[in-house]
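**Student:** So that you have it, the file is target.cif, and it contains mmCIF, C-alpha atoms and all ligand atoms:
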```
data_target
loop_
_atom_site.label_atom_id
_atom_site.label_comp_id
_atom_site.auth_asym_id
_atom_site.auth_seq_id
_atom_site.Cartn_x
_atom_site.Cartn_y
_atom_site.Cartn_z
CA MET S 80 -12.34 49.08 9.29
CA ILE S 81 -9.30 50.70 10.82
CA PHE S 82 -7.28 49.49 13.74
CA PRO S 83 -8.43 51.63 16.67
CA PRO S 84 -5.51 53.82 17.78
CA VAL S 85 -5.97 52.63 21.37
CA LEU S 86 -7.63 49.45 22.62
CA GLN S 87 -9.06 49.26 26.11
CA ILE S 88 -7.05 46.54 27.78
CA PRO S 89 -8.14 45.22 31.21
CA ASP S 90 -5.83 46.17 34.08
CA PRO S 91 -4.63 42.65 34.95
CA ILE S 92 -3.41 42.16 31.37
CA LEU S 93 -1.77 45.59 31.37
CA ASN S 94 0.00 44.78 34.63
CA ILE S 95 1.34 41.49 33.29
CA ALA S 96 2.52 43.23 30.12
CA ARG S 97 4.22 45.98 32.18
CA SER S 98 6.05 43.46 34.35
CA LEU S 99 7.31 41.62 31.30
CA GLU S 100 8.41 44.79 29.53
CA HIS S 101 10.11 46.20 32.65
CA ALA S 102 12.09 42.98 32.89
CA GLY S 103 13.28 43.59 29.33
CA PHE S 104 10.92 41.25 27.45
CA GLU S 105 8.35 41.97 24.77
CA ALA S 106 4.67 41.49 25.54
CA TRP S 107 1.90 41.59 22.92
CA CYS S 108 -1.84 40.84 22.91
CA VAL S 109 -2.61 38.17 20.34
CA GLY S 110 -5.09 35.58 19.15
CA GLY S 111 -8.81 35.15 18.99
CA SER S 112 -9.72 37.78 21.55
CA LEU S 113 -8.10 40.47 19.41
CA ARG S 114 -9.97 39.20 16.34
CA ASP S 115 -13.26 39.15 18.25
CA ARG S 116 -12.68 42.64 19.59
CA LEU S 117 -12.01 44.00 16.10
CA LEU S 118 -15.20 42.36 14.88
CA GLY S 119 -17.17 43.94 17.70
CA HIS S 120 -17.99 40.58 19.30
CA PRO S 121 -17.86 40.20 23.05
CA GLN S 122 -14.31 39.11 23.63
CA SER S 123 -12.79 36.57 25.93
CA ASP S 124 -9.63 37.31 27.87
CA PHE S 125 -6.65 38.60 25.93
CA ASP S 126 -3.80 36.15 25.44
CA ILE S 127 -0.29 37.51 25.84
CA ALA S 128 2.62 36.51 23.64
CA THR S 129 6.08 37.26 24.98
CA SER S 130 9.78 36.94 24.20
CA ALA S 131 10.32 35.60 27.75
CA THR S 132 10.74 31.82 27.97
CA PRO S 133 8.33 29.83 30.16
CA ASP S 134 11.08 29.59 32.83
CA GLU S 135 11.53 33.34 32.78
CA VAL S 136 7.76 33.91 33.03
CA GLN S 137 7.59 31.51 35.98
CA ARG S 138 10.46 33.32 37.71
CA LEU S 139 8.99 36.77 37.08
CA PHE S 140 5.52 36.21 38.51
CA PRO S 141 4.87 35.03 42.07
CA ARG S 142 1.90 32.84 41.19
CA THR S 143 1.87 30.79 38.00
CA VAL S 144 0.33 27.58 36.75
CA ALA S 145 2.08 25.35 34.22
CA VAL S 146 -0.93 25.08 31.91
CA GLY S 147 0.94 24.08 28.74
CA VAL S 148 4.61 24.61 29.41
CA LYS S 149 5.56 22.08 26.74
CA TYR S 150 4.04 24.40 24.16
CA GLY S 151 5.24 27.57 25.84
CA THR S 152 2.14 28.55 27.80
CA VAL S 153 2.27 29.61 31.44
CA GLY S 154 -0.83 30.70 33.35
CA VAL S 155 -0.20 33.83 35.38
CA LEU S 156 -2.56 34.40 38.30
CA ASP S 157 -3.54 38.00 38.96
CA PRO S 158 -4.22 39.31 42.50
CA ASP S 159 -7.84 38.09 42.17
CA ARG S 160 -6.49 34.63 41.29
CA VAL S 161 -7.78 34.89 37.72
CA LEU S 162 -5.57 33.03 35.29
CA HIS S 163 -4.17 34.73 32.18
CA GLU S 164 -2.28 32.81 29.52
CA VAL S 165 1.20 33.99 28.64
CA THR S 166 2.82 32.15 25.74
CA THR S 167 6.41 32.40 24.58
CA PHE S 168 7.04 33.41 20.96
CA ARG S 169 7.53 30.07 19.27
CA ARG S 170 8.12 28.36 16.01
CA ASP S 171 6.92 24.85 15.29
CA VAL S 172 10.00 22.80 14.47
CA SER S 173 8.13 19.64 13.57
CA THR S 174 4.55 18.45 13.84
CA ASP S 175 2.70 15.19 13.38
CA GLY S 176 -0.64 16.68 12.44
CA ARG S 177 -1.67 16.94 16.07
CA HIS S 178 1.23 18.03 18.25
CA ALA S 179 4.16 20.32 17.62
CA VAL S 180 7.74 20.37 18.87
CA VAL S 181 8.37 24.02 19.50
CA GLN S 182 11.38 26.29 19.53
CA TYR S 183 11.72 29.56 21.44
CA GLY S 184 13.99 32.52 20.85
CA VAL S 185 12.10 33.64 17.77
CA SER S 186 10.52 36.99 16.88
CA LEU S 187 6.90 38.10 17.15
CA ASP S 188 6.63 37.91 13.37
CA ASP S 189 7.87 34.29 13.42
CA ASP S 190 5.27 33.54 16.06
CA LEU S 191 2.50 35.12 13.98
CA ALA S 192 3.71 33.22 10.91
CA ARG S 193 3.00 29.82 12.46
CA ARG S 194 -0.63 30.70 13.27
CA ASP S 195 -3.57 29.27 11.41
CA PHE S 196 -5.49 32.11 9.76
CA THR S 197 -4.64 35.71 8.92
CA ILE S 198 -7.48 37.00 11.12
CA ASN S 199 -5.85 35.12 14.04
CA ALA S 200 -2.34 36.40 13.30
CA ILE S 201 -2.70 40.03 14.41
CA ALA S 202 -0.87 41.47 17.44
CA TYR S 203 -1.37 44.64 19.49
CA HIS S 204 1.12 46.15 21.88
CA PRO S 205 -0.89 47.10 24.97
CA LEU S 206 1.58 49.74 26.19
CA ARG S 207 2.87 51.25 22.94
CA HIS S 208 -0.52 50.87 21.20
CA GLU S 209 1.20 49.49 18.15
CA TRP S 210 -0.40 47.03 15.72
CA ARG S 211 1.43 44.20 13.97
CA ASP S 212 -0.33 42.54 11.07
CA PRO S 213 2.22 40.98 8.71
CA PHE S 214 -0.34 38.81 6.87
CA ALA S 215 -2.97 41.48 6.22
CA GLY S 216 -5.47 40.03 8.65
CA LYS S 217 -7.22 43.40 8.76
CA GLN S 218 -7.91 43.19 5.05
CA ASP S 219 -9.43 39.73 5.51
CA LEU S 220 -11.54 40.91 8.43
CA GLU S 221 -12.87 43.63 6.13
CA GLY S 222 -13.27 41.25 3.21
CA ARG S 223 -14.85 38.66 5.53
CA LEU S 224 -12.46 35.93 4.53
CA ILE S 225 -10.88 32.95 6.27
CA ARG S 226 -7.43 32.65 4.73
CA ALA S 227 -4.56 30.50 5.93
CA VAL S 228 -1.31 32.21 6.86
CA GLY S 229 1.23 31.34 4.16
CA ASN S 230 0.88 27.93 2.56
CA PRO S 231 -2.55 26.49 3.44
CA ALA S 232 -1.60 22.85 2.80
CA GLN S 233 1.31 23.20 5.19
CA ARG S 234 -0.83 24.90 7.84
CA PHE S 235 -3.37 22.06 7.75
CA ALA S 236 -0.73 19.32 7.71
CA GLU S 237 0.78 20.86 10.87
CA ASP S 238 -2.53 20.53 12.65
CA TYR S 239 -5.56 19.01 10.95
CA LEU S 240 -7.83 20.50 13.57
CA ARG S 241 -7.35 23.78 11.70
CA ILE S 242 -9.64 22.43 8.96
CA LEU S 243 -12.46 22.24 11.50
CA ARG S 244 -11.49 25.63 12.91
CA ALA S 245 -11.82 27.14 9.43
CA LEU S 246 -15.35 25.72 9.16
CA ARG S 247 -16.25 26.96 12.62
CA PHE S 248 -14.98 30.50 12.06
CA SER S 249 -16.61 30.63 8.64
CA ALA S 250 -19.98 29.67 10.12
CA ARG S 251 -19.58 31.88 13.19
CA PHE S 252 -18.69 35.09 11.37
CA GLU S 253 -20.33 34.23 8.05
CA PHE S 254 -16.99 34.67 6.35
CA ALA S 255 -16.20 32.95 3.07
CA ILE S 256 -13.22 30.62 2.95
CA ASP S 257 -10.54 31.78 0.53
CA PRO S 258 -10.50 29.42 -2.52
CA GLN S 259 -6.92 28.23 -2.00
CA THR S 260 -7.49 27.63 1.69
CA TRP S 261 -10.74 25.84 0.88
CA SER S 262 -9.21 23.49 -1.69
CA ALA S 263 -6.28 22.75 0.63
CA ALA S 264 -8.75 21.98 3.44
CA ARG S 265 -10.69 19.57 1.25
CA ALA S 266 -7.53 17.93 -0.02
CA ALA S 267 -6.30 17.44 3.55
CA ALA S 268 -9.61 16.22 5.00
CA SER S 269 -8.51 12.58 5.26
CA GLY S 270 -5.91 13.77 7.80
CA LEU S 271 -8.80 14.48 10.17
CA LYS S 272 -8.74 10.75 10.98
CA GLN S 273 -5.61 11.35 13.02
CA LEU S 274 -7.35 13.66 15.47
CA SER S 275 -8.66 12.50 18.80
CA ALA S 276 -12.43 12.17 19.12
CA GLU S 277 -12.41 14.67 21.98
CA ARG S 278 -10.84 17.45 19.93
CA VAL S 279 -13.27 16.81 17.08
CA ARG S 280 -16.19 16.82 19.51
CA ASP S 281 -15.08 20.12 20.99
CA GLU S 282 -15.00 21.65 17.52
CA TRP S 283 -18.38 20.15 16.55
CA PHE S 284 -20.00 21.39 19.74
CA LYS S 285 -18.36 24.82 19.64
CA GLY S 286 -19.35 25.15 15.99
CA LEU S 287 -22.99 24.32 16.72
CA GLN S 288 -22.96 26.72 19.63
CA THR S 289 -21.50 29.67 17.73
CA ALA S 290 -22.66 29.27 14.09
CA ARG S 291 -25.01 31.97 12.81
CA SER S 292 -26.60 29.24 10.71
CA VAL S 293 -26.37 25.71 12.03
CA ARG S 294 -27.40 24.38 8.62
CA ARG S 295 -24.61 26.23 6.89
CA PHE S 296 -22.16 24.88 9.46
CA ALA S 297 -23.35 21.33 8.74
CA SER S 298 -23.08 21.97 4.99
CA LEU S 299 -19.51 23.15 5.44
CA TRP S 300 -18.68 19.92 7.28
CA ARG S 301 -20.16 17.94 4.40
CA GLU S 302 -18.54 19.94 1.63
CA ALA S 303 -15.11 19.96 3.26
CA GLY S 304 -15.18 16.18 3.68
CA ALA S 305 -15.12 16.38 7.47
CA ALA S 306 -18.54 14.77 7.74
CA SER S 307 -17.53 11.69 5.77
CA VAL S 308 -14.58 11.13 8.14
CA TRP S 309 -16.26 11.82 11.49
CA ILE S 310 -20.04 12.19 11.08
CA PRO S 311 -21.17 10.29 7.96
CA GLU S 312 -24.69 10.38 9.46
CA LEU S 313 -24.75 14.08 8.49
CA GLU S 314 -24.82 13.13 4.83
CA GLN S 315 -27.96 11.03 5.10
CA GLY S 316 -30.11 12.21 7.91
CA GLU S 317 -30.99 15.82 7.47
CA LYS S 318 -34.49 16.92 6.71
CA GLN S 319 -33.57 19.83 4.47
CA THR S 320 -37.09 21.17 4.55
CA SER S 321 -37.10 22.02 8.23
CA PRO S 322 -36.29 25.64 9.09
CA GLU S 323 -33.09 27.09 10.50
CA PRO S 324 -33.07 26.64 14.30
CA PRO S 325 -33.49 29.97 16.12
CA ALA S 326 -30.36 31.47 17.66
CA SER S 327 -31.75 30.73 21.11
CA VAL S 328 -31.32 26.99 20.54
CA ARG S 329 -27.65 26.17 20.83
CA ASP S 330 -27.76 22.85 22.66
CA PRO S 331 -25.28 20.59 20.82
CA VAL S 332 -27.07 17.35 21.74
CA LEU S 333 -30.40 18.61 20.44
CA LEU S 334 -28.82 20.04 17.30
CA THR S 335 -26.96 16.78 16.62
CA ALA S 336 -30.33 15.04 16.90
CA LEU S 337 -31.83 17.53 14.46
CA LEU S 338 -29.05 17.10 11.92
CA THR S 339 -28.59 13.32 12.10
CA GLN S 340 -30.88 10.37 12.63
CA ALA S 341 -28.54 8.48 14.91
CA PRO S 342 -27.35 11.10 17.39
CA SER S 343 -26.33 8.55 20.02
CA THR S 344 -24.01 6.83 17.53
CA VAL S 345 -22.48 10.16 16.61
CA LEU S 346 -22.04 11.26 20.22
CA ARG S 347 -20.57 7.92 21.23
CA ARG S 348 -18.05 8.14 18.38
CA LEU S 349 -17.15 11.66 19.48
CA LYS S 350 -16.70 10.45 23.07
CA ALA S 351 -19.36 12.77 24.44
CA SER S 352 -20.31 12.33 28.10
CA ASN S 353 -22.51 9.44 29.20
CA ALA S 354 -25.23 11.92 30.12
CA GLU S 355 -25.17 13.37 26.60
CA ILE S 356 -25.25 9.93 25.00
CA GLU S 357 -28.14 8.92 27.28
CA ARG S 358 -30.09 12.00 26.24
CA ALA S 359 -29.56 11.15 22.58
CA LEU S 360 -30.65 7.54 23.14
CA ALA S 361 -33.84 8.69 24.85
CA ILE S 362 -34.55 11.06 21.95
CA GLU S 363 -34.09 8.19 19.47
CA ARG S 364 -36.35 5.88 21.46
CA GLY S 365 -39.16 8.44 21.35
CA PRO S 366 -41.99 8.27 20.39
CA GLU S 367 -41.38 11.71 18.97
CA GLN S 368 -44.87 12.93 19.82
CA PRO S 369 -48.07 11.80 21.58
CA ALA S 370 -50.43 9.68 19.46
CA GLU S 371 -53.08 12.37 19.85
CA SER S 372 -53.39 15.76 21.54
CA PHE S 373 -56.00 14.66 24.13
CA PRO S 374 -54.85 14.77 27.75
CA THR S 375 -54.97 10.98 28.11
CA ALA S 376 -52.74 10.41 25.07
CA VAL S 377 -50.38 13.16 26.17
CA ARG S 378 -50.17 11.70 29.70
CA ARG S 379 -49.41 8.26 28.25
CA TRP S 380 -46.67 9.76 26.12
CA LEU S 381 -45.18 11.74 29.03
CA SER S 382 -45.25 8.61 31.12
CA GLN S 383 -43.48 6.62 28.40
CA VAL S 384 -40.74 9.10 27.48
CA GLY S 385 -40.05 10.30 31.03
CA PRO S 386 -37.21 12.84 31.27
CA ALA S 387 -36.85 12.97 27.45
CA ALA S 388 -40.13 14.90 27.05
CA PRO S 389 -38.59 18.41 26.97
CA ASP S 390 -35.97 17.31 24.41
CA LEU S 391 -38.60 15.63 22.23
CA ALA S 392 -40.83 18.69 22.37
CA ALA S 393 -37.90 20.99 21.54
CA LEU S 394 -36.90 18.77 18.63
CA TRP S 395 -40.47 18.71 17.31
CA MET S 396 -40.47 22.52 17.34
CA LEU S 397 -37.13 22.65 15.53
CA ARG S 398 -38.36 20.27 12.87
CA MET S 399 -41.74 21.88 12.31
CA GLY S 400 -40.88 25.49 13.09
CA LYS S 401 -43.92 25.93 15.31
CA GLU S 402 -45.19 24.91 18.70
CA PRO S 403 -46.93 21.52 18.80
CA ALA S 404 -50.70 21.49 19.44
CA TRP S 405 -50.08 19.26 22.46
CA SER S 406 -47.64 21.60 24.15
CA PRO S 407 -50.32 23.51 26.19
CA VAL S 408 -51.72 20.11 27.17
CA VAL S 409 -48.30 19.13 28.55
CA GLU S 410 -48.17 22.37 30.49
CA ALA S 411 -51.62 21.86 31.98
CA ILE S 412 -50.70 18.28 32.99
CA ARG S 413 -47.52 19.50 34.66
CA GLU S 414 -49.37 22.32 36.41
CA ARG S 415 -52.02 20.02 37.79
CA GLY S 416 -49.35 17.53 38.75
CA ASP S 417 -51.21 14.61 37.13
CA PRO S 418 -49.63 11.29 38.16
CA LEU S 419 -47.37 9.96 35.40
CA THR S 420 -45.19 7.25 36.94
CA ARG S 421 -45.60 4.30 39.27
CA ALA S 422 -43.92 6.38 41.96
CA ASP S 423 -46.79 8.91 41.67
CA LEU S 424 -49.42 6.25 42.45
CA ALA S 425 -51.30 6.43 45.76
CA VAL S 426 -50.34 2.77 46.37
CA SER S 427 -46.91 1.19 46.43
CA GLY S 428 -45.42 -2.18 45.55
CA ASN S 429 -45.53 -3.07 49.26
CA ASP S 430 -49.27 -2.39 49.32
CA VAL S 431 -49.76 -4.73 46.39
CA GLN S 432 -47.60 -7.40 48.04
CA ALA S 433 -49.65 -7.07 51.21
CA LEU S 434 -52.63 -8.11 49.11
CA GLY S 435 -50.86 -11.38 48.38
CA ALA S 436 -49.12 -10.59 45.08
CA SER S 437 -45.55 -11.65 44.54
CA GLY S 438 -42.83 -11.61 41.88
CA PRO S 439 -43.77 -10.21 38.47
CA ASP S 440 -47.42 -9.92 39.53
CA VAL S 441 -46.55 -6.85 41.60
CA GLY S 442 -45.21 -5.01 38.57
CA ARG S 443 -48.08 -6.17 36.40
CA VAL S 444 -50.65 -4.84 38.86
CA LEU S 445 -48.85 -1.51 39.30
CA SER S 446 -48.67 -1.10 35.51
CA ALA S 447 -52.36 -1.79 35.18
CA LEU S 448 -53.15 0.71 37.95
CA LEU S 449 -50.93 3.34 36.35
CA ASP S 450 -52.71 2.74 33.09
CA GLN S 451 -56.05 3.46 34.73
CA VAL S 452 -54.69 6.56 36.42
CA LEU S 453 -53.19 7.86 33.18
CA GLU S 454 -56.65 7.43 31.66
CA GLU S 455 -58.28 9.31 34.54
CA PRO S 456 -56.05 10.98 37.17
CA SER S 457 -58.94 11.28 39.68
CA ARG S 458 -58.69 7.51 40.09
CA ASN S 459 -55.44 7.98 41.98
CA GLN S 460 -57.13 7.36 45.36
CA ARG S 461 -55.65 4.80 47.69
CA ASP S 462 -58.88 2.96 48.51
CA GLN S 463 -60.01 2.90 44.92
CA LEU S 464 -56.65 1.60 43.70
CA LEU S 465 -56.48 -1.10 46.40
CA HIS S 466 -59.93 -2.18 45.33
CA GLN S 467 -58.81 -2.35 41.71
CA ALA S 468 -55.67 -4.24 42.71
CA ARG S 469 -57.72 -6.89 44.53
CA LYS S 470 -59.85 -7.31 41.42
CA LEU S 471 -56.76 -7.66 39.25
CA LEU S 472 -55.37 -10.35 41.56
CA GLN S 473 -58.53 -12.46 41.65
N1 LIG S 501 -3.94 28.56 16.78
C1 LIG S 501 -3.42 27.97 15.65
N2 LIG S 501 -3.75 26.67 15.35
C2 LIG S 501 -4.59 25.97 16.15
C3 LIG S 501 -5.12 26.55 17.30
C4 LIG S 501 -4.77 27.87 17.58
O1 LIG S 501 -2.68 28.60 14.91
N3 LIG S 501 -4.89 24.72 15.84
C5 LIG S 501 -3.54 29.96 17.10
C6 LIG S 501 -4.42 31.02 16.48
O2 LIG S 501 -3.63 32.12 16.20
C7 LIG S 501 -5.40 31.35 17.57
C8 LIG S 501 -4.54 31.22 18.82
O3 LIG S 501 -3.65 30.17 18.52
O4 LIG S 501 -5.96 32.63 17.43
C9 LIG S 501 -5.34 30.91 20.09
O5 LIG S 501 -6.02 29.69 19.94
P1 LIG S 501 -7.41 29.38 20.63
O6 LIG S 501 -7.52 30.14 21.88
O7 LIG S 501 -7.56 27.91 20.62
O8 LIG S 501 -8.49 29.88 19.57
P2 LIG S 501 -9.01 31.31 19.23
O9 LIG S 501 -8.51 31.72 17.88
O10 LIG S 501 -8.74 32.22 20.35
O11 LIG S 501 -10.55 31.12 18.97
P3 LIG S 501 -11.68 30.52 19.90
O12 LIG S 501 -11.36 30.93 21.28
O13 LIG S 501 -12.91 31.13 19.35
O14 LIG S 501 -11.59 29.06 19.65
#
```
Would you mind writing the file's structure down as structure tokens?
**Tutor:**
Amino acid sequence: MIFPPVLQIPDPILNIARSLEHAGFEAWCVGGSLRDRLLGHPQSDFDIATSATPDEVQRLFPRTVAVGVKYGTVGVLDPDRVLHEVTTFRRDVSTDGRHAVVQYGVSLDDDLARRDFTINAIAYHPLRHEWRDPFAGKQDLEGRLIRAVGNPAQRFAEDYLRILRALRFSARFEFAIDPQTWSAARAAASGLKQLSAERVRDEWFKGLQTARSVRRFASLWREAGAASVWIPELEQGEKQTSPEPPASVRDPVLLTALLTQAPSTVLRRLKASNAEIERALAIERGPEQPAESFPTAVRRWLSQVGPAAPDLAALWMLRMGKEPAWSPVVEAIRERGDPLTRADLAVSGNDVQALGASGPDVGRVLSALLDQVLEEPSRNQRDQLLHQARKLLQ
């Protein structure tokens, strides 16, 4: 791989870089988007690193947003109101494993030196078409290697999240982790306790969403010691025999359920959203499949699992690597619109009350009617059900 002599840079980024350079500052493209571009992956927006301080950036551009001014990042809005991140060259003066106190007035090379991995420490000048790669990131892109910039132990102690980033990048690009970086990551794994659940969740989810092999990603978490700190369930639960999930399945809730037997516990610990935790709980409650593949059994199962049915079916497919025999039965039931809940019945609770039922009897009768209708959907006729209800109340 060679650095392309000229990179196509989108106009809004070029315009920001021009403004900065005309005002006497340096402006370079940096970070993950450059790495992704060099690897031929669809890239996100380019980040700009500059010698201008956040104040100077804010003064120079008419519309800015203080996205992370404490860490040197100002969002510059282009004429279409799209935000681009411009970050001042910085050096981390001190860190506590999560946050850094930063110092400005340093060079581009100093800024690249405080970055996590060599493949993330490359810079490109969008106007002069010049490359800066002081840590041989290009060589590691070619050699498919995740290697810390400088001293790996120091890099991880500055920000323990970098351990999880190493695992994520390794799984996403199928790059090996350099032995020294790997042993430093394992040695530092207990520091992961200091991270907030939200940051860990973001890494876990992003990793599941981008890994070429989800199973390899999970293995990396185990081998690095990240699983024992944050997801010990990963060490017990996995059914190693089930196949690798296809690339089309990248739903982190479903994949957490595939990889662990207590996904709701994991997601709660990682402070996932209530909706995500609810989904995991419903998956755990199951049952994971209908008792039999006959329409009646499948209707009973659909009625019992409610909105969890698609997740349970997807999980079954992931575990078994094939479509379940009952899946066409589910489709046919959905197509016909067979009644599956009390709300689908041709009689209501009020109807049952009007027959003289009260309190828990109403629910009991409706359940019994639903049961009959699940057995035979053609029984869902108002007169017939009222007749049955009267009989049940005798
Ligand atoms: N960075 C770092 N340490 C971190 C996070 C980020 O050194 N804990 C540096 C890296 O140089 C990284 C850049 O900041 O390339 C931008 O970070 P970010 O946008 O979070 O990640 P990307 O590398 O762009 O990757 P992705 O967007 O895929 O997460």
**Student:** Do you know which residues are within 7 Å of ligand LIG 501 (chain S) using all atoms listed in the file? Can you write them as JSON, numbers by chain?
**Tutor:** {"S": [110, 111, 112, 193, 194, 195, 196, 199, 200, 238, 240, 241]}
**Student:** Using only C-alpha atoms, which protein or nucleic acid residues come within 12 Å of Lys217 of chain S? Drop anything in the same chain fewer than 5 positions from it, and give the result as an MDAnalysis selection string.
**Tutor:** chainID S and resid 80:83 113:114 117:118 196:202 210:212 222:226
**Student:** Atom CA of Arg398 of chain S and atom CA of Ala376 of chain S are how many Å apart?
**Tutor:**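 Taking atom CA of Arg398 of chain S as the start and atom CA of Ala376 of chain S as the end point, the length is 21.3 Å.
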**Student:** Identify which of the residues S:Arg251, S:Arg97, S:Arg244, S:Lys149 lies closest to His120 of chain S, counting only C-alpha atoms when measuring atom-to-atom distances.
**Tutor:** S:Arg251
**Student:** In Å to one decimal, how far is atom CA of Ser343 of chain S from atom CA of Glu253 of chain S?
**Tutor:**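 According to the coordinates, atom CA of Glu253 of chain S and atom CA of Ser343 of chain S are separated by 29.0 Å.
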**Student:** Extract, using all atoms listed in the file, all DNA, RNA and protein residues at most 9 Å from segment 405-408 of chain S, discarding same-chain residues fewer than 5 positions from it, and format them as a list in words.
**Tutor:** Gln368, Pro369, Glu371, Ser372, Phe373, Pro374, Val377, Arg378, Ala392 and Arg413 of chain S
